[in-house]
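What's in my_file38.tsv: TSV, C-alpha atoms
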chain	number	residue	atom	x	y	z
A	1	MET	CA	40.97	-47.48	-5.70
A	2	SER	CA	39.49	-44.38	-7.47
A	3	ALA	CA	35.95	-45.70	-7.01
A	4	THR	CA	36.61	-46.07	-3.29
A	5	ILE	CA	37.88	-42.45	-3.05
A	6	VAL	CA	34.84	-41.11	-4.96
A	7	ALA	CA	32.49	-43.07	-2.74
A	8	ALA	CA	34.19	-41.77	0.40
A	9	ALA	CA	34.11	-38.17	-0.84
A	10	ALA	CA	30.43	-38.24	-1.82
A	11	PRO	CA	28.11	-36.64	0.77
A	12	PRO	CA	25.89	-39.05	2.65
A	13	LYS	CA	22.31	-39.28	1.53
A	14	VAL	CA	19.85	-37.48	3.79
A	15	SER	CA	16.91	-39.61	4.81
A	16	LEU	CA	14.69	-40.27	7.78
A	17	THR	CA	17.17	-42.85	9.07
A	18	THR	CA	20.18	-40.48	9.22
A	19	GLY	CA	18.79	-38.35	12.04
A	20	ARG	CA	17.98	-35.42	9.78
A	21	LEU	CA	14.76	-34.62	7.91
A	22	PRO	CA	15.03	-33.98	4.17
A	23	ARG	CA	14.78	-30.37	3.11
A	24	TRP	CA	11.49	-30.99	1.37
A	25	ALA	CA	9.85	-32.56	4.42
A	26	PRO	CA	8.80	-29.33	6.26
A	27	TRP	CA	7.43	-27.84	3.03
A	28	ALA	CA	5.55	-31.04	2.22
A	29	LEU	CA	4.11	-31.07	5.72
A	30	LEU	CA	3.08	-27.42	5.39
A	31	GLY	CA	1.39	-28.12	2.06
A	32	PHE	CA	-0.45	-31.10	3.52
A	33	ALA	CA	-1.62	-29.03	6.50
A	34	LEU	CA	-2.85	-26.30	4.15
A	35	PHE	CA	-4.71	-28.87	2.05
A	36	VAL	CA	-6.42	-30.35	5.13
A	37	ALA	CA	-7.39	-26.90	6.44
A	38	VAL	CA	-8.79	-25.78	3.08
A	39	VAL	CA	-10.84	-28.97	2.72
A	40	LEU	CA	-12.12	-28.64	6.29
A	41	PHE	CA	-13.25	-25.04	5.91
A	42	ALA	CA	-14.66	-25.71	2.45
A	43	LEU	CA	-16.91	-28.37	4.00
A	44	LEU	CA	-17.92	-25.97	6.77
A	45	ASN	CA	-18.82	-23.29	4.19
A	46	SER	CA	-22.41	-24.41	3.69
A	47	SER	CA	-23.29	-21.48	1.40
A	48	GLY	CA	-20.79	-22.54	-1.25
A	49	ASP	CA	-19.89	-18.90	-1.92
A	50	VAL	CA	-16.18	-18.34	-2.39
A	51	ALA	CA	-16.42	-14.92	-0.72
A	52	GLN	CA	-17.73	-16.57	2.46
A	53	PHE	CA	-14.70	-18.88	2.75
A	54	ASN	CA	-12.88	-18.25	6.05
A	55	ILE	CA	-9.36	-17.68	4.74
A	56	ALA	CA	-8.06	-16.40	8.09
A	57	GLY	CA	-9.34	-19.46	9.97
A	58	ALA	CA	-7.89	-21.78	7.34
A	59	LEU	CA	-4.43	-20.22	7.68
A	60	VAL	CA	-4.52	-20.40	11.48
A	61	VAL	CA	-5.54	-24.08	11.40
A	62	THR	CA	-2.81	-24.71	8.83
A	63	MET	CA	-0.11	-23.34	11.12
A	64	LEU	CA	-1.47	-25.25	14.14
A	65	LEU	CA	-1.47	-28.52	12.21
A	66	TYR	CA	2.02	-27.78	10.93
A	67	LEU	CA	3.41	-27.03	14.39
A	68	VAL	CA	1.98	-30.24	15.86
A	69	GLY	CA	3.08	-32.31	12.90
A	70	ILE	CA	6.63	-30.95	12.71
A	71	ALA	CA	7.08	-31.40	16.46
A	72	VAL	CA	6.02	-35.05	16.33
A	73	ILE	CA	7.91	-35.97	13.15
A	74	SER	CA	11.09	-34.14	14.15
A	75	SER	CA	11.06	-35.73	17.59
A	76	ILE	CA	10.87	-39.19	16.01
A	77	ALA	CA	13.28	-38.71	13.09
A	78	GLU	CA	15.68	-36.21	14.68
A	79	THR	CA	16.77	-35.16	18.13
A	80	ARG	CA	14.80	-33.18	20.70
A	81	ARG	CA	17.00	-30.15	20.03
A	82	HIS	CA	16.14	-30.20	16.33
A	83	ALA	CA	12.45	-30.56	17.14
A	84	THR	CA	12.57	-27.55	19.46
A	85	ASP	CA	14.39	-25.52	16.81
A	86	ARG	CA	11.82	-26.37	14.14
A	87	VAL	CA	8.91	-25.58	16.47
A	88	MET	CA	10.39	-22.20	17.38
A	89	THR	CA	10.95	-21.43	13.71
A	90	GLY	CA	7.33	-22.34	13.06
A	91	LEU	CA	6.17	-20.08	15.91
A	92	VAL	CA	8.09	-17.13	14.45
A	93	ALA	CA	6.53	-17.80	11.04
A	94	THR	CA	3.11	-18.08	12.71
A	95	ALA	CA	3.56	-14.70	14.40
A	96	PHE	CA	4.43	-13.19	11.03
A	97	LEU	CA	1.38	-14.82	9.46
A	98	ILE	CA	-0.90	-13.50	12.23
A	99	ALA	CA	0.39	-10.00	11.51
A	100	LEU	CA	-0.49	-10.50	7.83
A	101	LEU	CA	-3.89	-12.10	8.46
A	102	PRO	CA	-5.91	-8.84	8.30
A	103	LEU	CA	-4.27	-7.92	4.99
A	104	ILE	CA	-4.68	-11.41	3.52
A	105	SER	CA	-8.30	-11.62	4.64
A	106	LEU	CA	-9.04	-8.13	3.31
A	107	LEU	CA	-7.50	-8.82	-0.10
A	108	PHE	CA	-9.24	-12.17	-0.39
A	109	THR	CA	-12.63	-10.68	0.51
A	110	VAL	CA	-12.29	-7.71	-1.84
A	111	VAL	CA	-11.09	-9.82	-4.76
A	112	ALA	CA	-13.75	-12.51	-4.24
A	113	ASN	CA	-16.57	-9.95	-4.11
A	114	GLY	CA	-15.24	-7.35	-6.53
A	115	ILE	CA	-14.28	-9.64	-9.39
A	116	GLN	CA	-17.98	-10.14	-10.22
A	117	ARG	CA	-18.26	-6.60	-11.64
A	118	PHE	CA	-14.87	-6.45	-13.32
A	119	ASP	CA	-16.23	-6.37	-16.84
A	120	ALA	CA	-16.05	-4.04	-19.84
A	121	GLU	CA	-19.18	-2.18	-18.78
A	122	PHE	CA	-17.73	-1.34	-15.38
A	123	PHE	CA	-14.70	0.37	-16.96
A	124	SER	CA	-16.48	2.06	-19.88
A	125	PHE	CA	-19.80	3.36	-18.51
A	126	SER	CA	-20.77	5.83	-15.81
A	127	MET	CA	-23.92	5.85	-13.67
A	128	ARG	CA	-25.72	8.44	-15.77
A	129	ASN	CA	-29.34	7.42	-16.37
A	130	VAL	CA	-28.68	4.06	-14.68
A	131	ALA	CA	-31.01	2.71	-12.00
A	132	GLY	CA	-30.62	-0.80	-10.70
A	133	GLU	CA	-28.33	-3.18	-12.54
A	134	GLY	CA	-25.66	-2.17	-15.02
A	135	GLY	CA	-23.62	0.99	-15.10
A	136	GLY	CA	-19.99	1.40	-14.22
A	137	ALA	CA	-17.41	3.49	-12.41
A	138	VAL	CA	-15.37	5.03	-15.21
A	139	HIS	CA	-16.32	8.53	-14.02
A	140	ALA	CA	-15.16	7.70	-10.48
A	141	ILE	CA	-11.88	6.17	-11.73
A	142	TRP	CA	-11.03	9.28	-13.74
A	143	GLY	CA	-12.02	11.52	-10.85
A	144	THR	CA	-9.78	9.61	-8.43
A	145	LEU	CA	-6.81	9.77	-10.79
A	146	LEU	CA	-7.21	13.49	-11.49
A	147	ILE	CA	-7.75	14.53	-7.88
A	148	THR	CA	-4.88	12.38	-6.62
A	149	LEU	CA	-2.62	13.71	-9.37
A	150	GLY	CA	-3.52	17.26	-8.38
A	151	ALA	CA	-2.78	16.52	-4.73
A	152	THR	CA	0.57	14.98	-5.68
A	153	VAL	CA	1.56	17.98	-7.83
A	154	ILE	CA	0.78	20.28	-4.91
A	155	SER	CA	2.27	18.18	-2.10
A	156	VAL	CA	5.51	16.75	-3.48
A	157	PRO	CA	7.30	20.05	-4.29
A	158	ILE	CA	6.24	21.62	-0.98
A	159	GLY	CA	7.09	18.54	1.07
A	160	LEU	CA	10.39	17.88	-0.68
A	161	MET	CA	11.60	21.50	-0.42
A	162	THR	CA	10.59	21.58	3.24
A	163	SER	CA	12.61	18.45	3.96
A	164	ILE	CA	15.60	19.86	2.05
A	165	TYR	CA	15.43	23.02	4.15
A	166	LEU	CA	15.27	21.03	7.41
A	167	VAL	CA	18.23	18.83	6.48
A	168	GLU	CA	20.52	21.17	4.56
A	169	TYR	CA	19.72	24.68	5.81
A	170	GLY	CA	17.45	24.57	8.86
A	171	ARG	CA	18.97	25.58	12.18
A	172	GLY	CA	17.61	27.01	15.40
A	173	ARG	CA	14.05	27.80	16.40
A	174	ILE	CA	12.61	28.06	12.89
A	175	ALA	CA	13.60	24.49	12.02
A	176	LYS	CA	12.28	23.22	15.36
A	177	ALA	CA	8.99	25.07	14.83
A	178	ILE	CA	8.60	23.60	11.33
A	179	THR	CA	9.34	20.11	12.64
A	180	PHE	CA	6.78	20.54	15.42
A	181	LEU	CA	4.10	21.77	13.00
A	182	VAL	CA	4.79	18.88	10.61
A	183	ASP	CA	4.40	16.41	13.47
A	184	VAL	CA	1.11	18.06	14.44
A	185	MET	CA	-0.14	17.91	10.84
A	186	THR	CA	0.65	14.20	10.72
A	187	GLY	CA	-2.05	13.55	13.31
A	188	ILE	CA	-4.76	15.74	11.78
A	189	PRO	CA	-7.97	13.74	11.12
A	190	SER	CA	-8.92	13.67	7.47
A	191	ILE	CA	-12.33	15.19	8.14
A	192	VAL	CA	-10.62	18.28	9.62
A	193	ALA	CA	-8.63	18.76	6.41
A	194	GLY	CA	-11.84	18.56	4.39
A	195	LEU	CA	-13.63	21.01	6.68
A	196	PHE	CA	-10.71	23.44	6.47
A	197	ILE	CA	-10.68	23.54	2.66
A	198	TYR	CA	-14.48	23.67	2.50
A	199	SER	CA	-14.54	26.62	4.91
A	200	VAL	CA	-11.88	28.50	2.94
A	201	PHE	CA	-13.76	28.11	-0.34
A	202	ALA	CA	-17.07	28.92	1.36
A	203	LEU	CA	-15.58	32.26	2.41
A	204	LEU	CA	-13.88	32.98	-0.90
A	205	VAL	CA	-16.36	31.58	-3.44
A	206	GLY	CA	-19.56	30.90	-1.56
A	207	PRO	CA	-21.29	28.31	0.62
A	208	GLY	CA	-21.97	24.93	-0.94
A	209	THR	CA	-19.07	25.14	-3.40
A	210	ARG	CA	-17.67	21.77	-4.41
A	211	MET	CA	-14.93	21.23	-7.00
A	212	GLY	CA	-12.24	18.73	-7.79
A	213	ILE	CA	-9.44	21.15	-6.94
A	214	MET	CA	-10.89	21.42	-3.43
A	215	GLY	CA	-10.44	17.68	-3.03
A	216	SER	CA	-6.83	17.91	-4.23
A	217	LEU	CA	-6.11	20.66	-1.70
A	218	ALA	CA	-7.72	18.68	1.11
A	219	LEU	CA	-5.67	15.59	0.25
A	220	SER	CA	-2.49	17.68	-0.04
A	221	VAL	CA	-2.95	18.80	3.58
A	222	LEU	CA	-2.75	15.12	4.53
A	223	MET	CA	0.06	14.28	2.09
A	224	ILE	CA	2.53	17.05	2.87
A	225	PRO	CA	3.56	15.89	6.39
A	226	VAL	CA	4.04	12.31	5.17
A	227	VAL	CA	6.28	13.48	2.32
A	228	VAL	CA	8.23	15.80	4.62
A	229	ARG	CA	8.94	13.20	7.30
A	230	GLY	CA	9.81	10.45	4.85
A	231	SER	CA	12.04	12.59	2.64
A	232	GLU	CA	13.75	14.18	5.64
A	233	GLU	CA	14.86	10.85	7.06
A	234	LEU	CA	16.10	9.67	3.67
A	235	LEU	CA	18.08	12.87	3.04
A	236	ARG	CA	19.73	12.57	6.45
A	237	ILE	CA	21.15	9.13	5.68
A	238	VAL	CA	22.96	10.38	2.57
A	239	PRO	CA	26.68	10.23	3.56
A	240	ASN	CA	28.23	13.61	4.31
A	241	GLU	CA	31.35	12.48	2.43
A	242	LEU	CA	29.42	12.86	-0.83
A	243	ARG	CA	28.53	16.45	0.00
A	244	GLU	CA	32.09	17.27	1.11
A	245	ALA	CA	33.56	15.75	-2.05
A	246	SER	CA	31.25	17.92	-4.14
A	247	TYR	CA	32.13	21.03	-2.14
A	248	ALA	CA	35.84	20.25	-2.56
A	249	LEU	CA	35.37	20.38	-6.32
A	250	GLY	CA	33.89	23.86	-6.04
A	251	VAL	CA	30.29	22.86	-6.68
A	252	PRO	CA	27.74	25.22	-5.05
A	253	LYS	CA	25.52	23.87	-2.30
A	254	TRP	CA	22.30	24.10	-4.29
A	255	LEU	CA	23.86	22.21	-7.19
A	256	THR	CA	25.25	19.61	-4.79
A	257	ILE	CA	21.74	19.02	-3.48
A	258	VAL	CA	20.31	18.70	-7.00
A	259	LYS	CA	23.08	16.60	-8.54
A	260	VAL	CA	24.36	14.55	-5.60
A	261	VAL	CA	21.99	14.42	-2.62
A	262	LEU	CA	18.65	14.01	-4.38
A	263	PRO	CA	19.79	11.37	-6.92
A	264	THR	CA	21.30	9.35	-4.08
A	265	ALA	CA	18.04	9.33	-2.14
A	266	ILE	CA	15.67	9.25	-5.11
A	267	ALA	CA	14.57	5.64	-4.58
A	268	GLY	CA	13.60	6.23	-0.96
A	269	ILE	CA	11.98	9.57	-1.72
A	270	THR	CA	9.85	7.92	-4.40
A	271	THR	CA	8.77	5.31	-1.87
A	272	SER	CA	7.81	8.00	0.65
A	273	VAL	CA	5.76	9.78	-2.03
A	274	MET	CA	3.97	6.54	-2.85
A	275	LEU	CA	3.25	5.99	0.84
A	276	ALA	CA	1.71	9.45	0.96
A	277	ILE	CA	-0.41	8.73	-2.13
A	278	SER	CA	-1.54	5.40	-0.68
A	279	ARG	CA	-2.39	7.24	2.54
A	280	VAL	CA	-4.84	9.64	0.87
A	281	ILE	CA	-6.15	7.88	-2.24
A	282	GLY	CA	-8.75	5.97	-0.22
A	283	GLU	CA	-9.95	8.91	1.90
A	284	THR	CA	-13.71	9.38	1.81
A	285	ALA	CA	-14.67	12.04	4.37
A	286	PRO	CA	-12.70	15.01	2.94
A	287	LEU	CA	-13.77	14.19	-0.62
A	288	LEU	CA	-17.40	13.83	0.40
A	289	LEU	CA	-17.25	17.36	1.81
A	290	THR	CA	-15.18	19.08	-0.86
A	291	VAL	CA	-15.91	17.18	-4.09
A	292	GLY	CA	-19.27	15.48	-3.59
A	293	ILE	CA	-20.56	12.87	-6.03
A	294	VAL	CA	-22.12	12.95	-9.49
A	295	PRO	CA	-23.38	10.09	-11.69
A	296	ASN	CA	-21.79	11.40	-14.88
A	297	MET	CA	-18.26	12.11	-16.14
A	298	ASN	CA	-16.69	15.44	-15.18
A	299	LEU	CA	-13.02	16.00	-15.97
A	300	ASN	CA	-12.95	19.70	-15.14
A	301	MET	CA	-11.47	20.05	-11.66
A	302	PHE	CA	-12.45	23.75	-11.47
A	303	ASP	CA	-16.14	23.42	-12.33
A	304	GLY	CA	-18.69	21.34	-10.49
A	305	GLN	CA	-18.67	18.17	-8.49
A	306	MET	CA	-16.73	15.05	-9.45
A	307	ALA	CA	-16.98	11.37	-8.64
A	308	THR	CA	-14.22	9.46	-6.86
A	309	LEU	CA	-13.89	5.76	-6.12
A	310	PRO	CA	-14.01	6.01	-2.30
A	311	VAL	CA	-17.12	8.18	-2.33
A	312	PHE	CA	-18.67	6.08	-5.11
A	313	ALA	CA	-18.16	2.88	-3.10
A	314	TYR	CA	-19.53	4.54	0.04
A	315	MET	CA	-22.67	5.82	-1.66
A	316	GLN	CA	-23.34	2.53	-3.43
A	317	ALA	CA	-23.05	0.57	-0.17
A	318	LYS	CA	-24.75	3.15	2.07
A	319	TYR	CA	-27.77	3.86	-0.13
A	320	PRO	CA	-28.53	0.74	-2.17
A	321	GLY	CA	-31.49	0.74	-4.48
A	322	ILE	CA	-33.40	-2.08	-6.12
A	323	PRO	CA	-32.03	-4.66	-6.52
A	324	PRO	CA	-29.57	-4.03	-3.65
A	325	GLU	CA	-27.16	-6.70	-4.90
A	326	ALA	CA	-26.29	-4.60	-7.95
A	327	TYR	CA	-25.29	-1.65	-5.77
A	328	ILE	CA	-23.25	-3.80	-3.39
A	329	ASP	CA	-21.45	-5.43	-6.32
A	330	ARG	CA	-20.53	-2.00	-7.71
A	331	ALA	CA	-19.20	-0.99	-4.29
A	332	TRP	CA	-16.96	-4.06	-4.12
A	333	GLY	CA	-15.84	-3.48	-7.70
A	334	ALA	CA	-14.87	0.11	-6.86
A	335	ALA	CA	-12.89	-1.11	-3.83
A	336	LEU	CA	-11.00	-3.64	-5.94
A	337	ALA	CA	-10.30	-1.02	-8.62
A	338	LEU	CA	-8.90	1.30	-5.95
A	339	ILE	CA	-6.56	-1.42	-4.68
A	340	LEU	CA	-5.37	-2.18	-8.21
A	341	ILE	CA	-4.69	1.52	-8.85
A	342	VAL	CA	-2.52	1.70	-5.73
A	343	MET	CA	-0.67	-1.46	-6.80
A	344	VAL	CA	-0.01	-0.11	-10.29
A	345	LEU	CA	1.21	3.21	-8.90
A	346	ASN	CA	3.59	1.42	-6.53
A	347	LEU	CA	5.01	-0.70	-9.35
A	348	ALA	CA	5.44	2.41	-11.51
A	349	ALA	CA	7.18	4.23	-8.67
A	350	ARG	CA	9.62	1.35	-8.15
A	351	LEU	CA	10.37	1.31	-11.88
A	352	ILE	CA	10.97	5.07	-11.92
A	353	ALA	CA	13.20	4.87	-8.86
A	354	LYS	CA	15.21	2.07	-10.45
A	355	ILE	CA	15.70	4.02	-13.67
A	356	PHE	CA	16.75	7.30	-12.06
A	357	ALA	CA	18.75	5.89	-9.15
A	358	PRO	CA	22.52	6.39	-9.48
A	359	LYS	CA	24.28	3.42	-11.02
A	360	MET	CA	27.07	1.88	-8.93
A	361	THR	CA	29.91	0.93	-11.23
A	362	GLY	CA	33.22	-0.48	-10.10
A	363	ARG	CA	36.60	0.01	-11.69
Go ahead and render the structure in this file as structure tokens.
Amino acid sequence: MSATIVAAAAPPKVSLTTGRLPRWAPWALLGFALFVAVVLFALLNSSGDVAQFNIAGALVVTMLLYLVGIAVISSIAETRRHATDRVMTGLVATAFLIALLPLISLLFTVVANGIQRFDAEFFSFSMRNVAGEGGGAVHAIWGTLLITLGATVISVPIGLMTSIYLVEYGRGRIAKAITFLVDVMTGIPSIVAGLFIYSVFALLVGPGTRMGIMGSLALSVLMIPVVVRGSEELLRIVPNELREASYALGVPKWLTIVKVVLPTAIAGITTSVMLAISRVIGETAPLLLTVGIVPNMNLNMFDGQMATLPVFAYMQAKYPGIPPEAYIDRAWGAALALILIVMVLNLAARLIAKIFAPKMTGR
């Protein structure tokens, strides 16, 4: 009797004969389609170079094979309604994949080409007295970090205080004028920011002046509106009840902003700052005008030209020497290093936001 009850209570086994595909079936079909597409495009890649593999085409063929396969298999094993549902789900996933194709293709190309120069020499030597093969980009890596750090130190306080003023204090025409100017600054081309800083220093110091601090100022012109708009939206979504509760306890407004509003929005503000850094860290035109390029290490931002990864990659690819492959490889290596720096900074920002975000504890 008990065995009969247990058998009746047990869920029926899902198989192809029960009118429902197993959960693993769509994933197995997707993996098989990916395998077929990779093999097909690997055979079509006559050069044998991994960097020449058409990753975008392989992903598109994978999704097409999957859609056809899931439609046929689901129509046979399930009902027409289930087949339509699975096809529509696959179309939505395909649309998402198409949106990601440029990013996936870019990352694949940069990694495949840049990994060839990711060695100890690349991260420990500069281009001083180097012609042809060899050399590295340590001077450009340090220059990028210092100039971006300088731009962040300049931009974040200005942008954050501007957003606090617009949300907490700004009223009337002044706030509207500031908002309008921030929106206009958002659309400024990067070359205009570089020309502006170069012109200012040409008037104050002299024509032809190029320094690291000029690059930081040019990048800060591009960073400030991004920080302002991002921080402003995040401060606005902080519940007013938190402010009112603080005011009810007799806490001044400025202390409420520091102790209540900012800690509540710190995670989002950190993300907006990282978006601003990611926006400017790869800029080439303003740095080419304001900072220039040198083959040796220079860590003094107030004296002489400095090297940065975007300009270094541009110069290596634009003016290759002999053999040209060595210069192209260094350009790809600099591009990959720049991507890794942005990734590390984003991970660090998420960790900082997680540490300093207010902890939600229940009672």
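Summary of the local environment: counting all atoms listed in the file, residues at most 12 Å from Trp27 in chain A, other than itself and those fewer than 3 positions away along its chain, are Leu21, Pro22, Arg23, Trp24, Leu30, Gly31, Phe32, Ala33, Leu34, Met63, Tyr66, Gly69, Ile70 and Gly90 of chain A.
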So, with only C-alpha atoms as the atoms that count, which of A:Pro310, A:Gly208, A:Pro263, A:Gly187 lies closest to Ile224 in chain A?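 Smallest separation from Ile224 in chain A among the options: A:Gly187.
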Identify, on the basis of all atoms listed in the file, every residue whose closest approach to Glu233 in chain A does not exceed 9 Å; exclude the query and any residue fewer than 4 positions from it along the same chain; express the result as a PyMOL selection string. chain A and resi 163+167+228-229+237
Write the residues you've just listed into a file as an mmCIF file, keeping the file's coordinate frame, and include C-alpha atoms for each of them.
data_model
loop_
_atom_site.group_PDB
_atom_site.id
_atom_site.type_symbol
_atom_site.label_atom_id
_atom_site.label_comp_id
_atom_site.auth_asym_id
_atom_site.auth_seq_id
_atom_site.Cartn_x
_atom_site.Cartn_y
_atom_site.Cartn_z
ATOM 1 C CA SER A 163 12.610 18.450 3.960
ATOM 2 C CA VAL A 167 18.230 18.830 6.480
ATOM 3 C CA VAL A 228 8.230 15.800 4.620
ATOM 4 C CA ARG A 229 8.940 13.200 7.300
ATOM 5 C CA ILE A 237 21.150 9.130 5.680
#
Restricting the calculation to all atoms listed in the file: of A:Leu288, A:Asn240, A:Val251, A:Asp329, which residue gets closest to Tyr198 in chain A? A:Leu288
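Residue nearest Thr152 in chain A within the list A:Thr270, A:Thr109, A:Gln316, A:Thr256: A:Thr270 [criterion: smallest interatomic distance, all atoms listed in the file].
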Please list, as a PyMOL selection string, the residues that have an atom at most 12 Å away from (2.7, 1.6, -8.9) in the coordinates of this file, counting all atoms listed in the file. chain A and resi 270-271+273-275+277-278+338-353
Keeping C-alpha atoms, export the residues of the selection given above as a JSON list (two decimals), in the frame of the given file.
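The new file out-v3.json reads:
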[["chain", "number", "residue", "atom", "x", "y", "z"],
["A", 270, "THR", "CA", 9.85, 7.92, -4.40],
["A", 271, "THR", "CA", 8.77, 5.31, -1.87],
["A", 273, "VAL", "CA", 5.76, 9.78, -2.03],
["A", 274, "MET", "CA", 3.97, 6.54, -2.85],
["A", 275, "LEU", "CA", 3.25, 5.99, 0.84],
["A", 277, "ILE", "CA", -0.41, 8.73, -2.13],
["A", 278, "SER", "CA", -1.54, 5.40, -0.68],
["A", 338, "LEU", "CA", -8.90, 1.30, -5.95],
["A", 339, "ILE", "CA", -6.56, -1.42, -4.68],
["A", 340, "LEU", "CA", -5.37, -2.18, -8.21],
["A", 341, "ILE", "CA", -4.69, 1.52, -8.85],
["A", 342, "VAL", "CA", -2.52, 1.70, -5.73],
["A", 343, "MET", "CA", -0.67, -1.46, -6.80],
["A", 344, "VAL", "CA", -0.01, -0.11, -10.29],
["A", 345, "LEU", "CA", 1.21, 3.21, -8.90],
["A", 346, "ASN", "CA", 3.59, 1.42, -6.53],
["A", 347, "LEU", "CA", 5.01, -0.70, -9.35],
["A", 348, "ALA", "CA", 5.44, 2.41, -11.51],
["A", 349, "ALA", "CA", 7.18, 4.23, -8.67],
["A", 350, "ARG", "CA", 9.62, 1.35, -8.15],
["A", 351, "LEU", "CA", 10.37, 1.31, -11.88],
["A", 352, "ILE", "CA", 10.97, 5.07, -11.92],
["A", 353, "ALA", "CA", 13.20, 4.87, -8.86]]
Spatial neighbours of range 118-122 of chain A, max dist 10 Å, all atoms listed in the file, sep filter under 6 positions, as a list of chain:residue names: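 Counting all atoms listed in the file, the residues come to A:Val111, A:Gly134, A:Gly135, A:Gly136, A:Ala137, A:Val138, A:Asp329, A:Arg330, A:Trp332, A:Gly333, A:Ala334, A:Leu336, A:Ala337.
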Write the residues of the selection above to a file with C-alpha atoms, as an mmCIF file, keeping the file's coordinate frame.
data_model
loop_
_atom_site.group_PDB
_atom_site.id
_atom_site.type_symbol
_atom_site.label_atom_id
_atom_site.label_comp_id
_atom_site.auth_asym_id
_atom_site.auth_seq_id
_atom_site.Cartn_x
_atom_site.Cartn_y
_atom_site.Cartn_z
ATOM 1 C CA VAL A 111 -11.090 -9.820 -4.760
ATOM 2 C CA GLY A 134 -25.660 -2.170 -15.020
ATOM 3 C CA GLY A 135 -23.620 0.990 -15.100
ATOM 4 C CA GLY A 136 -19.990 1.400 -14.220
ATOM 5 C CA ALA A 137 -17.410 3.490 -12.410
ATOM 6 C CA VAL A 138 -15.370 5.030 -15.210
ATOM 7 C CA ASP A 329 -21.450 -5.430 -6.320
ATOM 8 C CA ARG A 330 -20.530 -2.000 -7.710
ATOM 9 C CA TRP A 332 -16.960 -4.060 -4.120
ATOM 10 C CA GLY A 333 -15.840 -3.480 -7.700
ATOM 11 C CA ALA A 334 -14.870 0.110 -6.860
ATOM 12 C CA LEU A 336 -11.000 -3.640 -5.940
ATOM 13 C CA ALA A 337 -10.300 -1.020 -8.620
#
Minimum-distance residue to Val226 in chain A, chosen among A:Val156, A:Ile76, A:Met127, A:Leu67 (using only C-alpha atoms): A:Val156
Rounded to one decimal, what separation in Å do you get between CA of Leu160 in chain A and CA of Leu299 in chain A? 28.0 Å
Pairwise distance for CA of Ile355 in chain A and CA of Gly268 in chain A, rounded to one decimal in Å: 13.1 Å
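For the residues A:Val182, A:Ala93, A:Ala202, A:Leu29, ranking by smallest atom-to-atom distance to Val68 in chain A using only C-alpha atoms places A:Leu29 first.
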Can you list, as a PyMOL selection string, every protein, DNA or RNA residue that comes within 10 Å of Arg243 in chain A when you count all atoms listed in the file, leaving out same-chain residues fewer than 5 positions away? chain A and resi 238+248+251+253+256-257+260-261
Could you dump the residues just selected with C-alpha atoms as a short mmCIF file (atom, residue, chain, number, x, y, z; two decimals), in the coordinates of the input?
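Once written, part.cif looks like this:
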data_model
loop_
_atom_site.label_atom_id
_atom_site.label_comp_id
_atom_site.auth_asym_id
_atom_site.auth_seq_id
_atom_site.Cartn_x
_atom_site.Cartn_y
_atom_site.Cartn_z
CA VAL A 238 22.96 10.38 2.57
CA ALA A 248 35.84 20.25 -2.56
CA VAL A 251 30.29 22.86 -6.68
CA LYS A 253 25.52 23.87 -2.30
CA THR A 256 25.25 19.61 -4.79
CA ILE A 257 21.74 19.02 -3.48
CA VAL A 260 24.36 14.55 -5.60
CA VAL A 261 21.99 14.42 -2.62
#
Identify, on the basis of all atoms listed in the file, every residue whose closest approach to Gly57 in chain A does not exceed 10 Å; exclude the query and any residue fewer than 2 positions from it along the same chain; express the result as a list in words. Ala37, Val38, Phe41, Phe53, Asn54, Ile55, Leu59, Val60, Val61, Thr62, Leu101 and Ser105 of chain A
Test item: axis-aligned box, all listed atoms of range 264-278 of chain A, 8 Å on each side, centre and edges in Å rounded to one decimal, as JSON:
{"center_x": 9.9, "center_y": 7.5, "center_z": -2.1, "size_x": 38.8, "size_y": 20.5, "size_z": 22.1}
With distances taken over all atoms listed in the file, which residue among A:Ser231, A:Ser216, A:Thr84, A:Thr89 lies nearest Leu166 in chain A?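 Among the listed residues, A:Ser231 lies closest to Leu166 in chain A.
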(-13.4, 9.9, 0.5) in this file's frame - what residues fall within 9 Å of it? Use only C-alpha atoms and give the answer as JSON, numbers by chain. {"A": [280, 281, 282, 283, 284, 285, 286, 287, 288, 289, 291, 308, 309, 310, 311, 312, 314]}
Please dump the current selection as a PDB file, in the frame of the given file; keep C-alpha atoms.
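Saved the output as out_28.pdb:
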ATOM      1  CA  VAL A 280      -4.840   9.640   0.870  1.00  0.00           C
ATOM      2  CA  ILE A 281      -6.150   7.880  -2.240  1.00  0.00           C
ATOM      3  CA  GLY A 282      -8.750   5.970  -0.220  1.00  0.00           C
ATOM      4  CA  GLU A 283      -9.950   8.910   1.900  1.00  0.00           C
ATOM      5  CA  THR A 284     -13.710   9.380   1.810  1.00  0.00           C
ATOM      6  CA  ALA A 285     -14.670  12.040   4.370  1.00  0.00           C
ATOM      7  CA  PRO A 286     -12.700  15.010   2.940  1.00  0.00           C
ATOM      8  CA  LEU A 287     -13.770  14.190  -0.620  1.00  0.00           C
ATOM      9  CA  LEU A 288     -17.400  13.830   0.400  1.00  0.00           C
ATOM     10  CA  LEU A 289     -17.250  17.360   1.810  1.00  0.00           C
ATOM     11  CA  VAL A 291     -15.910  17.180  -4.090  1.00  0.00           C
ATOM     12  CA  THR A 308     -14.220   9.460  -6.860  1.00  0.00           C
ATOM     13  CA  LEU A 309     -13.890   5.760  -6.120  1.00  0.00           C
ATOM     14  CA  PRO A 310     -14.010   6.010  -2.300  1.00  0.00           C
ATOM     15  CA  VAL A 311     -17.120   8.180  -2.330  1.00  0.00           C
ATOM     16  CA  PHE A 312     -18.670   6.080  -5.110  1.00  0.00           C
ATOM     17  CA  TYR A 314     -19.530   4.540   0.040  1.00  0.00           C
TER      18      TYR A 314
END
